[in-house]
file query12.cif (mmCIF, C-alpha atoms)
data_final
loop_
_atom_site.group_PDB
_atom_site.id
_atom_site.type_symbol
_atom_site.label_atom_id
_atom_site.label_comp_id
_atom_site.auth_asym_id
_atom_site.auth_seq_id
_atom_site.Cartn_x
_atom_site.Cartn_y
_atom_site.Cartn_z
ATOM 1 C CA MET A 7 0.000 0.000 0.000
ATOM 2 C CA ALA A 8 1.657 3.203 -1.150
ATOM 3 C CA ALA A 9 1.548 6.206 1.136
ATOM 4 C CA ALA A 10 2.602 9.781 0.586
ATOM 5 C CA VAL A 11 2.009 13.110 2.226
ATOM 6 C CA MET A 12 0.843 15.741 -0.249
ATOM 7 C CA LEU A 13 -0.198 19.364 -0.190
ATOM 8 C CA ALA A 14 -3.652 20.089 1.201
ATOM 9 C CA ASN A 15 -3.752 23.207 -0.952
ATOM 10 C CA PRO A 16 -1.255 24.198 -3.658
ATOM 11 C CA SER A 17 -0.943 27.651 -2.111
ATOM 12 C CA VAL A 18 -0.208 26.366 1.394
ATOM 13 C CA ARG A 19 2.799 24.260 2.281
ATOM 14 C CA ALA A 20 1.699 21.143 4.126
ATOM 15 C CA VAL A 21 3.634 19.928 7.135
ATOM 16 C CA ASP A 22 5.005 16.429 6.590
ATOM 17 C CA GLU A 23 3.563 13.752 8.846
ATOM 18 C CA PRO A 24 5.940 10.810 8.495
ATOM 19 C CA THR A 25 4.994 9.381 11.863
ATOM 20 C CA LEU A 26 1.249 9.514 11.204
ATOM 21 C CA ASP A 27 1.822 8.286 7.655
ATOM 22 C CA SER A 28 3.714 5.225 8.836
ATOM 23 C CA GLN A 29 1.345 4.629 11.761
ATOM 24 C CA VAL A 30 -1.727 4.547 9.539
ATOM 25 C CA SER A 31 -0.035 2.465 6.842
ATOM 26 C CA GLU A 32 1.224 -0.092 9.349
ATOM 27 C CA TYR A 33 -2.122 -0.215 11.106
ATOM 28 C CA LEU A 34 -4.042 -0.832 7.865
ATOM 29 C CA ALA A 35 -1.557 -3.451 6.695
ATOM 30 C CA ALA A 36 -2.645 -5.558 9.664
ATOM 31 C CA GLN A 37 -6.374 -5.197 8.897
ATOM 32 C CA SER A 38 -8.521 -7.257 6.557
ATOM 33 C CA GLY A 39 -9.406 -5.542 3.280
ATOM 34 C CA HIS A 40 -7.808 -2.729 1.294
ATOM 35 C CA TYR A 41 -8.157 0.918 2.318
ATOM 36 C CA SER A 42 -7.882 4.376 0.805
ATOM 37 C CA VAL A 43 -7.439 7.350 3.120
ATOM 38 C CA THR A 44 -7.391 11.118 2.696
ATOM 39 C CA ALA A 45 -7.097 13.561 5.596
ATOM 40 C CA VAL A 46 -6.786 17.315 5.135
ATOM 41 C CA GLU A 47 -6.447 19.894 7.893
ATOM 42 C CA LEU A 48 -8.311 23.124 7.120
ATOM 43 C CA GLY A 49 -6.177 25.808 8.681
ATOM 44 C CA GLY A 50 -3.915 25.069 11.610
ATOM 45 C CA ALA A 51 -0.699 23.517 10.306
ATOM 46 C CA SER A 52 -2.408 22.557 7.000
ATOM 47 C CA ARG A 53 -1.328 18.944 7.415
ATOM 48 C CA SER A 54 -2.513 16.176 5.123
ATOM 49 C CA LEU A 55 -2.366 12.438 4.765
ATOM 50 C CA HIS A 56 -2.849 10.473 1.532
ATOM 51 C CA ILE A 57 -2.873 6.686 1.279
ATOM 52 C CA ASP A 58 -3.895 5.079 -2.006
ATOM 53 C CA ASP A 59 -6.326 7.937 -2.439
ATOM 54 C CA SER A 60 -6.301 8.169 -6.236
ATOM 55 C CA THR A 61 -7.713 4.639 -6.653
ATOM 56 C CA GLN A 62 -11.282 4.635 -7.945
ATOM 57 C CA VAL A 63 -13.628 2.703 -5.665
ATOM 58 C CA ASP A 64 -17.324 2.152 -5.124
ATOM 59 C CA PRO A 65 -17.921 4.388 -2.081
ATOM 60 C CA ALA A 66 -21.334 2.914 -1.244
ATOM 61 C CA SER A 67 -23.600 5.574 0.301
ATOM 62 C CA ILE A 68 -20.849 8.187 0.541
ATOM 63 C CA PHE A 69 -21.685 9.019 -3.095
ATOM 64 C CA LYS A 70 -24.967 10.481 -1.811
ATOM 65 C CA LEU A 71 -22.954 13.546 -0.804
ATOM 66 C CA TYR A 72 -22.709 14.450 -4.479
ATOM 67 C CA TYR A 73 -26.457 14.127 -5.065
ATOM 68 C CA ALA A 74 -27.112 16.340 -2.049
ATOM 69 C CA GLY A 75 -24.665 19.030 -3.110
ATOM 70 C CA LEU A 76 -26.117 19.214 -6.608
ATOM 71 C CA ALA A 77 -29.646 19.354 -5.169
ATOM 72 C CA TYR A 78 -28.642 22.270 -2.930
ATOM 73 C CA GLU A 79 -27.116 23.916 -6.004
ATOM 74 C CA LYS A 80 -30.532 23.721 -7.702
ATOM 75 C CA LEU A 81 -32.074 25.354 -4.622
ATOM 76 C CA GLN A 82 -29.430 28.079 -4.691
ATOM 77 C CA GLN A 83 -30.123 28.752 -8.371
ATOM 78 C CA GLY A 84 -33.866 28.994 -7.715
ATOM 79 C CA LYS A 85 -34.584 26.081 -10.059
ATOM 80 C CA TRP A 86 -35.959 23.956 -7.214
ATOM 81 C CA SER A 87 -37.537 24.770 -3.874
ATOM 82 C CA LEU A 88 -37.537 22.674 -0.713
ATOM 83 C CA ALA A 89 -41.169 21.845 -1.526
ATOM 84 C CA THR A 90 -40.368 20.606 -5.054
ATOM 85 C CA LYS A 91 -41.864 17.133 -5.471
ATOM 86 C CA LEU A 92 -39.839 14.161 -6.647
ATOM 87 C CA ALA A 93 -41.216 11.172 -8.593
ATOM 88 C CA SER A 94 -42.268 9.503 -5.334
ATOM 89 C CA ASN A 95 -44.241 12.654 -4.372
ATOM 90 C CA PHE A 96 -41.836 13.261 -1.493
ATOM 91 C CA SER A 97 -40.407 16.766 -1.270
ATOM 92 C CA VAL A 98 -36.777 17.616 -1.895
ATOM 93 C CA GLN A 99 -36.516 18.742 1.731
ATOM 94 C CA THR A 100 -37.779 15.430 3.115
ATOM 95 C CA CYS A 101 -35.651 13.298 0.810
ATOM 96 C CA LEU A 102 -32.497 15.270 1.572
ATOM 97 C CA LYS A 103 -32.980 14.631 5.286
ATOM 98 C CA LEU A 104 -33.771 10.943 4.807
ATOM 99 C CA MET A 105 -30.880 10.416 2.384
ATOM 100 C CA LEU A 106 -28.216 12.241 4.393
ATOM 101 C CA SER A 107 -29.170 11.550 7.994
ATOM 102 C CA TYR A 108 -30.664 8.051 7.592
ATOM 103 C CA SER A 109 -29.032 7.006 4.286
ATOM 104 C CA ASP A 110 -32.345 6.280 2.540
ATOM 105 C CA ASN A 111 -31.612 4.577 -0.798
ATOM 106 C CA ASP A 112 -35.030 5.260 -2.351
ATOM 107 C CA CYS A 113 -34.653 8.995 -1.799
ATOM 108 C CA ALA A 114 -31.168 8.842 -3.298
ATOM 109 C CA SER A 115 -32.652 7.218 -6.407
ATOM 110 C CA ASP A 116 -35.369 9.896 -6.559
ATOM 111 C CA LEU A 117 -32.838 12.724 -6.380
ATOM 112 C CA ARG A 118 -30.521 11.062 -8.907
ATOM 113 C CA ALA A 119 -33.424 10.723 -11.335
ATOM 114 C CA LYS A 120 -34.490 14.339 -10.814
ATOM 115 C CA LEU A 121 -30.946 15.630 -11.349
ATOM 116 C CA GLY A 122 -30.190 13.334 -14.293
ATOM 117 C CA VAL A 123 -27.078 11.195 -14.626
ATOM 118 C CA ASN A 124 -25.575 13.307 -17.416
ATOM 119 C CA HIS A 125 -25.931 16.447 -15.313
ATOM 120 C CA ILE A 126 -24.402 14.747 -12.282
ATOM 121 C CA ASN A 127 -21.391 13.462 -14.209
ATOM 122 C CA THR A 128 -20.855 16.787 -15.976
ATOM 123 C CA ARG A 129 -21.001 18.839 -12.772
ATOM 124 C CA LEU A 130 -18.641 16.490 -10.926
ATOM 125 C CA GLN A 131 -16.078 16.978 -13.680
ATOM 126 C CA GLN A 132 -16.606 20.758 -13.622
ATOM 127 C CA LEU A 133 -16.016 20.747 -9.863
ATOM 128 C CA GLY A 134 -12.650 19.106 -10.445
ATOM 129 C CA LEU A 135 -13.716 15.674 -9.180
ATOM 130 C CA LEU A 136 -12.177 13.974 -12.190
ATOM 131 C CA ASN A 137 -12.332 10.443 -10.792
ATOM 132 C CA SER A 138 -15.993 10.589 -9.752
ATOM 133 C CA HIS A 139 -18.860 9.458 -11.961
ATOM 134 C CA ILE A 140 -21.935 7.276 -12.312
ATOM 135 C CA VAL A 141 -21.569 4.219 -14.540
ATOM 136 C CA LEU A 142 -24.433 3.200 -16.845
ATOM 137 C CA ASP A 143 -24.959 -0.161 -18.498
ATOM 138 C CA SER A 144 -25.277 -0.727 -22.266
ATOM 139 C CA HIS A 145 -28.970 0.197 -22.060
ATOM 140 C CA GLY A 146 -28.329 3.481 -20.296
ATOM 141 C CA LYS A 147 -29.526 2.215 -16.922
ATOM 142 C CA TYR A 148 -27.786 2.955 -13.633
ATOM 143 C CA LEU A 149 -25.143 0.340 -12.870
ATOM 144 C CA THR A 150 -22.744 1.665 -10.219
ATOM 145 C CA LYS A 151 -20.663 4.677 -9.207
ATOM 146 C CA HIS A 152 -16.992 5.433 -8.657
ATOM 147 C CA THR A 153 -15.006 8.028 -6.770
ATOM 148 C CA THR A 154 -11.785 8.382 -4.778
ATOM 149 C CA THR A 155 -11.166 9.417 -1.194
ATOM 150 C CA ALA A 156 -9.210 12.374 -2.605
ATOM 151 C CA ASP A 157 -12.269 13.561 -4.551
ATOM 152 C CA VAL A 158 -14.594 13.155 -1.565
ATOM 153 C CA ALA A 159 -12.151 15.067 0.648
ATOM 154 C CA THR A 160 -11.911 17.865 -1.918
ATOM 155 C CA TYR A 161 -15.703 18.042 -2.038
ATOM 156 C CA LEU A 162 -16.055 18.258 1.745
ATOM 157 C CA GLN A 163 -13.291 20.846 1.889
ATOM 158 C CA LYS A 164 -15.163 22.958 -0.676
ATOM 159 C CA LEU A 165 -18.347 22.554 1.364
ATOM 160 C CA GLN A 166 -16.785 23.615 4.663
ATOM 161 C CA THR A 167 -14.891 26.588 3.184
ATOM 162 C CA GLY A 168 -17.931 27.908 1.306
ATOM 163 C CA GLU A 169 -16.560 27.233 -2.171
ATOM 164 C CA LEU A 170 -19.324 24.771 -3.036
ATOM 165 C CA LEU A 171 -22.503 26.619 -2.041
ATOM 166 C CA ASP A 172 -23.729 29.886 -0.590
ATOM 167 C CA THR A 173 -24.080 30.406 3.159
ATOM 168 C CA THR A 174 -27.719 29.311 3.364
ATOM 169 C CA GLN A 175 -27.290 26.068 1.435
ATOM 170 C CA THR A 176 -23.995 25.269 3.164
ATOM 171 C CA ALA A 177 -25.661 25.583 6.562
ATOM 172 C CA ARG A 178 -28.546 23.332 5.495
ATOM 173 C CA PHE A 179 -26.193 20.696 4.107
ATOM 174 C CA ILE A 180 -23.908 20.600 7.157
ATOM 175 C CA LYS A 181 -26.860 20.548 9.569
ATOM 176 C CA LEU A 182 -28.150 17.320 8.021
ATOM 177 C CA LEU A 183 -24.672 15.787 8.047
ATOM 178 C CA LYS A 184 -24.440 16.630 11.753
ATOM 179 C CA GLY A 185 -27.755 14.799 12.201
ATOM 180 C CA GLN A 186 -26.170 11.564 10.965
ATOM 181 C CA VAL A 187 -27.359 8.471 12.836
ATOM 182 C CA TRP A 188 -24.570 6.140 11.640
ATOM 183 C CA ARG A 189 -21.693 7.063 13.965
ATOM 184 C CA SER A 190 -19.847 3.802 14.633
ATOM 185 C CA ARG A 191 -16.859 4.634 12.403
ATOM 186 C CA ILE A 192 -15.110 8.040 12.399
ATOM 187 C CA SER A 193 -17.258 9.667 15.110
ATOM 188 C CA SER A 194 -16.844 6.945 17.734
ATOM 189 C CA ALA A 195 -13.064 7.347 17.851
ATOM 190 C CA LEU A 196 -13.142 11.025 18.794
ATOM 191 C CA GLN A 197 -13.067 12.876 22.089
ATOM 192 C CA VAL A 198 -16.535 13.114 23.600
ATOM 193 C CA GLY A 199 -18.260 16.341 22.552
ATOM 194 C CA THR A 200 -16.468 16.617 19.203
ATOM 195 C CA GLN A 201 -18.938 17.692 16.536
ATOM 196 C CA VAL A 202 -18.860 15.857 13.218
ATOM 197 C CA ALA A 203 -20.627 16.367 9.886
ATOM 198 C CA SER A 204 -20.447 12.946 8.269
ATOM 199 C CA LYS A 205 -21.745 10.521 5.673
ATOM 200 C CA SER A 206 -20.852 6.847 5.908
ATOM 201 C CA GLY A 207 -21.284 3.939 3.531
ATOM 202 C CA GLN A 208 -21.581 0.176 3.763
ATOM 203 C CA LEU A 209 -22.222 -2.266 0.936
ATOM 204 C CA LEU A 210 -21.800 -6.012 0.493
ATOM 205 C CA THR A 211 -20.331 -6.836 -2.929
ATOM 206 C CA GLN A 212 -19.081 -9.981 -4.630
ATOM 207 C CA SER A 213 -15.538 -9.089 -3.575
ATOM 208 C CA GLY A 214 -16.514 -8.511 0.044
ATOM 209 C CA MET A 215 -17.744 -5.724 2.290
ATOM 210 C CA ILE A 216 -17.238 -2.043 1.526
ATOM 211 C CA GLU A 217 -16.937 0.023 4.718
ATOM 212 C CA GLY A 218 -16.382 3.745 4.562
ATOM 213 C CA ASP A 219 -16.924 7.065 6.236
ATOM 214 C CA SER A 220 -16.370 10.689 5.300
ATOM 215 C CA ALA A 221 -16.462 13.600 7.686
ATOM 216 C CA ILE A 222 -15.726 17.185 8.551
ATOM 217 C CA ILE A 223 -14.414 17.027 12.116
ATOM 218 C CA PHE A 224 -14.613 20.194 14.213
ATOM 219 C CA GLY A 225 -11.703 19.440 16.527
ATOM 220 C CA PRO A 226 -10.485 21.431 19.551
ATOM 221 C CA THR A 227 -7.407 22.789 17.747
ATOM 222 C CA SER A 228 -8.448 22.672 14.081
ATOM 223 C CA THR A 229 -11.121 21.555 11.660
ATOM 224 C CA TYR A 230 -10.176 18.741 9.321
ATOM 225 C CA VAL A 231 -11.638 16.429 6.711
ATOM 226 C CA LEU A 232 -11.172 12.667 6.911
ATOM 227 C CA VAL A 233 -12.302 10.131 4.315
ATOM 228 C CA VAL A 234 -11.659 6.388 4.666
ATOM 229 C CA ILE A 235 -13.041 3.790 2.263
ATOM 230 C CA GLY A 236 -12.249 0.104 2.667
ATOM 231 C CA ARG A 237 -13.093 -2.672 0.233
ATOM 232 C CA SER A 238 -12.623 -6.425 -0.281
ATOM 233 C CA GLY A 239 -13.707 -7.464 3.190
ATOM 234 C CA ALA A 240 -13.130 -4.177 5.010
ATOM 235 C CA LYS A 241 -14.218 -3.697 8.628
ATOM 236 C CA SER A 242 -15.843 -0.673 10.249
ATOM 237 C CA ALA A 243 -13.437 -1.065 13.183
ATOM 238 C CA ALA A 244 -10.507 -0.379 10.847
ATOM 239 C CA VAL A 245 -12.121 2.880 9.717
ATOM 240 C CA ARG A 246 -12.580 3.816 13.368
ATOM 241 C CA GLY A 247 -8.944 2.952 14.048
ATOM 242 C CA VAL A 248 -7.727 5.345 11.363
ATOM 243 C CA SER A 249 -9.927 8.074 12.828
ATOM 244 C CA ASP A 250 -8.374 7.480 16.250
ATOM 245 C CA LEU A 251 -4.812 7.754 14.905
ATOM 246 C CA VAL A 252 -5.479 10.972 12.978
ATOM 247 C CA TYR A 253 -7.308 12.639 15.856
ATOM 248 C CA ARG A 254 -4.575 11.853 18.400
ATOM 249 C CA LYS A 255 -1.851 13.139 16.106
ATOM 250 C CA TRP A 256 -3.555 16.347 15.034
ATOM 251 C CA GLN A 257 -5.815 17.190 18.010
ATOM 252 C CA GLY A 258 -4.280 15.519 21.058
ATOM 253 C CA ALA A 259 -5.186 12.733 23.446
ATOM 254 C CA VAL A 260 -8.614 11.140 23.581
ATOM 255 C CA THR A 261 -9.283 11.089 27.319
ATOM 256 C CA VAL A 262 -12.921 10.033 26.974
ATOM 257 C CA ALA A 263 -14.130 8.681 23.645
ATOM 258 C CA ALA A 264 -17.607 9.535 22.411
ATOM 259 C CA THR A 265 -20.032 6.636 22.770
ATOM 260 C CA TYR A 266 -23.191 6.281 20.764
ATOM 261 C CA PRO A 267 -25.852 3.729 21.759
ATOM 262 C CA SER A 268 -27.479 1.475 19.174
ATOM 263 C CA ALA A 269 -30.782 3.275 19.775
ATOM 264 C CA GLN A 270 -30.126 6.451 17.813
ATOM 265 C CA LEU A 271 -33.689 7.785 17.925
ATOM 266 C CA VAL A 272 -36.550 8.406 20.322
ATOM 267 C CA THR A 273 -40.221 8.785 19.549
ATOM 268 C CA SER A 274 -41.357 12.409 19.676
ATOM 269 C CA GLN A 275 -45.044 11.483 19.892
ATOM 270 C CA ARG A 276 -47.266 8.491 20.511
ATOM 271 C CA THR A 277 -46.868 6.289 17.466
ATOM 272 C CA TYR A 278 -47.151 2.720 16.210
ATOM 273 C CA LEU A 279 -44.774 -0.045 15.270
ATOM 274 C CA ARG A 280 -46.166 -1.724 12.150
ATOM 275 C CA THR A 281 -45.647 -4.969 10.226
ATOM 276 C CA ARG A 282 -44.802 -3.045 7.040
ATOM 277 C CA PRO A 283 -45.116 0.551 5.786
ATOM 278 C CA GLY A 284 -48.712 1.476 6.584
ATOM 279 C CA GLY A 285 -49.378 -2.105 7.725
ATOM 280 C CA LEU A 286 -50.910 -3.698 10.788
ATOM 281 C CA ILE A 287 -50.040 -2.353 14.223
ATOM 282 C CA LEU A 288 -47.624 -4.518 16.200
ATOM 283 C CA LYS A 289 -47.235 -2.256 19.190
ATOM 284 C CA THR A 290 -48.112 1.209 20.457
ATOM 285 C CA LEU A 291 -45.035 3.260 21.319
ATOM 286 C CA PRO A 292 -45.350 6.068 23.886
ATOM 287 C CA ILE A 293 -43.423 9.311 23.536
ATOM 288 C CA GLY A 294 -39.767 8.948 24.523
ATOM 289 C CA THR A 295 -39.410 5.313 23.408
ATOM 290 C CA ALA A 296 -35.842 4.503 22.316
ATOM 291 C CA VAL A 297 -35.631 2.938 18.853
ATOM 292 C CA SER A 298 -32.715 1.555 16.867
ATOM 293 C CA LEU A 299 -32.832 2.363 13.156
ATOM 294 C CA GLN A 300 -31.988 -0.552 10.880
ATOM 295 C CA TRP A 301 -32.730 1.164 7.555
ATOM 296 C CA SER A 302 -34.980 3.729 5.894
ATOM 297 C CA GLU A 303 -37.422 3.128 3.040
ATOM 298 C CA ARG A 304 -38.529 6.483 1.685
ATOM 299 C CA GLY A 305 -39.980 7.788 4.913
ATOM 300 C CA TRP A 306 -40.727 4.515 6.662
ATOM 301 C CA LEU A 307 -38.068 3.483 9.132
ATOM 302 C CA TYR A 308 -37.421 -0.165 9.877
ATOM 303 C CA VAL A 309 -36.475 -0.160 13.553
ATOM 304 C CA LYS A 310 -35.823 -2.373 16.529
ATOM 305 C CA VAL A 311 -37.635 -1.628 19.792
ATOM 306 C CA GLY A 312 -36.495 -3.967 22.522
ATOM 307 C CA THR A 313 -36.824 -7.395 20.933
ATOM 308 C CA ARG A 314 -39.472 -6.333 18.393
ATOM 309 C CA LYS A 315 -38.813 -5.107 14.880
ATOM 310 C CA GLY A 316 -41.122 -3.231 12.552
ATOM 311 C CA TYR A 317 -41.822 0.002 10.738
ATOM 312 C CA LEU A 318 -42.685 3.470 11.967
ATOM 313 C CA TYR A 319 -42.990 6.779 10.146
ATOM 314 C CA GLN A 320 -40.001 9.113 10.056
ATOM 315 C CA SER A 321 -41.842 12.185 11.342
ATOM 316 C CA SER A 322 -42.494 10.465 14.679
ATOM 317 C CA VAL A 323 -38.838 10.301 15.833
ATOM 318 C CA LEU A 324 -35.961 12.585 16.806
ATOM 319 C CA LEU A 325 -32.266 12.059 17.538
ATOM 320 C CA SER A 326 -31.613 10.752 21.045
ATOM 321 C CA ASN A 327 -29.919 12.960 23.619
ATOM 322 C CA ARG A 328 -26.611 11.064 23.403
ATOM 323 C CA TYR A 329 -26.454 11.852 19.689
ATOM 324 C CA LEU A 330 -27.465 15.484 20.221
ATOM 325 C CA ARG A 331 -24.726 15.794 22.896
ATOM 326 C CA TRP A 332 -22.045 14.240 20.695
ATOM 327 C CA GLY A 333 -21.518 11.107 22.716
ATOM 328 C CA ALA A 334 -21.846 12.636 26.166
ATOM 329 C CA LEU A 335 -24.063 11.106 28.857
#
call {"tool": "encode", "arguments": {"input": "query12.cif", "output": "structure tokens"}}
result
Amino acid sequence: MAAAVMLANPSVRAVDEPTLDSQVSEYLAAQSGHYSVTAVELGGASRSLHIDDSTQVDPASIFKLYYAGLAYEKLQQGKWSLATKLASNFSVQTCLKLMLSYSDNDCASDLRAKLGVNHINTRLQQLGLLNSHIVLDSHGKYLTKHTTTADVATYLQKLQTGELLDTTQTARFIKLLKGQVWRSRISSALQVGTQVASKSGQLLTQSGMIEGDSAIIFGPTSTYVLVVIGRSGAKSAAVRGVSDLVYRKWQGAVTVAATYPSAQLVTSQRTYLRTRPGGLILKTLPIGTAVSLQWSERGWLYVKVGTRKGYLYQSSVLLSNRYLRWGAL
């Protein structure tokens, strides 16, 4: 696995991190799977870390970042509104929340269809993300997608520094990323209370599991971007391990790590657990019931409540206090 420290920005000289570089490389060499890593410090010492980050990979749900950014661009241009309806009759506003915070695949498909694959691929190239694109089959149907950790890091850097969108759309985008429920990778390695705007990805393929995470980390001494994507049998624990190494080197010791319970959500009103979306009632859930999200299906959340599993509607839940407090009790 090749590793090299590169410039975070051509106009700013990056500080070499040979110790971190070797630490991360040695750590990943002992893990199952193959990993690409990009870390870029925004300000501070402008440090960066690059490991196999020009290799094109399937990033799983991390690619949804691109759909979201292009949707916010449409809002900024006045071509869409938050109330604009998608093919499913869900609004852009609702699908952005479900796609970014809960990783809803149906909403991602709706937004991709509304944007158009040609538009998505063209804009990614125009943004300088030259290794990022959607792949179509011989019939012009969606097949897969490719990107690199370097491209994702560049994209998140543009988002955080205001180069991607105006102030209003940037704030909306980052707010939903901060509402992320999947925090077992990058976020769980950080000092308790550290805020993170993230989008993770997980996908089982013929060559093994893809495990990845991408984040803007608002650390105590600097803000930085970290993107880790593993393939061919990758493990989420390895992604978390990289996050731990980068944080300790750039931000200092982790005295108390953030902990996030499996129940990410709580009911905000009396609601019902159902057999399927809109189906028979399995159980009545009082306000304040802790629920563990398993996946989202265009507004219906498949959850676990105690030993029972079923569906409830997305508008009936909120993030739990531990998630709102960034891992603090």
call {"tool": "residues_around", "arguments": {"input": "query12.cif", "residues": "segment 167-183 of chain A", "least_positions_apart": "3", "cutoff": "8 Å", "atoms": "all atoms listed in the file", "output": "VMD selection string"}}
result
chain A and resid 74 to 75 78 to 79 81 to 82 103 106 to 107 161 163 to 164 186 202 to 205
call {"tool": "residues_around", "arguments": {"input": "query12.cif", "residues": "Pro283 of chain A", "least_positions_apart": "2", "cutoff": "12 Å", "atoms": "all atoms listed in the file", "output": "list in words"}}
result
Tyr278, Leu279, Arg280, Thr281, Gly285, Leu286, Ile287, Leu288, Ser302, Glu303, Arg304, Gly305, Trp306, Leu307, Tyr308, Val309, Gly316, Tyr317, Leu318, Tyr319 and Gln320 of chain A
call {"tool": "residues_around", "arguments": {"input": "query12.cif", "residues": "segment 210-225 of chain A", "least_positions_apart": "2", "cutoff": "6 Å", "atoms": "only C-alpha atoms", "output": "list in words"}}
result
Gln201, Val202, Ala203, Ser204, Lys205, Ser206, Gly207, Gln208, Thr227, Ser228, Thr229, Tyr230, Val231, Leu232, Val233, Val234, Ile235, Gly236, Arg237, Ser238, Gly239, Ala240 and Ser242 of chain A
call {"tool": "atom_distance", "arguments": {"input": "query12.cif", "atom1": "atom CA of Ile126 of chain A", "atom2": "atom CA of Arg189 of chain A"}}
result
27.5 Å
call {"tool": "atom_distance", "arguments": {"input": "query12.cif", "atom1": "atom CA of Leu149 of chain A", "atom2": "atom CA of Gln99 of chain A"}}
result
26.1 Å
call {"tool": "closest_residue", "arguments": {"input": "query12.cif", "among": "A:Ile293, A:Val245, A:Leu92, A:Leu136", "to": "Val30 of chain A", "atoms": "all atoms listed in the file"}}
result
A:Val245
call {"tool": "residues_around", "arguments": {"input": "query12.cif", "residues": "Tyr253 of chain A", "least_positions_apart": "3", "cutoff": "12 Å", "atoms": "only C-alpha atoms", "output": "PyMOL selection string"}}
result
chain A and resi 26+30+45-47+192-197+200+223-232+246-250+256-261+263
call {"tool": "residues_around", "arguments": {"input": "query12.cif", "residues": "Ile140 of chain A", "least_positions_apart": "5", "cutoff": "8 Å", "atoms": "all atoms listed in the file", "output": "mmCIF file with C-alpha atoms, keeping the file's coordinate frame"}}
result
data_model
loop_
_atom_site.group_PDB
_atom_site.id
_atom_site.type_symbol
_atom_site.label_atom_id
_atom_site.label_comp_id
_atom_site.auth_asym_id
_atom_site.auth_seq_id
_atom_site.Cartn_x
_atom_site.Cartn_y
_atom_site.Cartn_z
ATOM 1 C CA VAL A 123 -27.078 11.195 -14.626
ATOM 2 C CA ILE A 126 -24.402 14.747 -12.282
ATOM 3 C CA ASN A 127 -21.391 13.462 -14.209
ATOM 4 C CA TYR A 148 -27.786 2.955 -13.633
ATOM 5 C CA LEU A 149 -25.143 0.340 -12.870
ATOM 6 C CA THR A 150 -22.744 1.665 -10.219
ATOM 7 C CA LYS A 151 -20.663 4.677 -9.207
ATOM 8 C CA HIS A 152 -16.992 5.433 -8.657
#
call {"tool": "atom_distance", "arguments": {"input": "query12.cif", "atom1": "atom CA of Gln29 of chain A", "atom2": "atom CA of Asp64 of chain A"}}
result
25.3 Å
call {"tool": "closest_residue", "arguments": {"input": "query12.cif", "among": "A:Ser268, A:Ser190, A:Thr290, A:Thr153", "to": "Ile68 of chain A", "atoms": "all atoms listed in the file"}}
result
A:Thr153
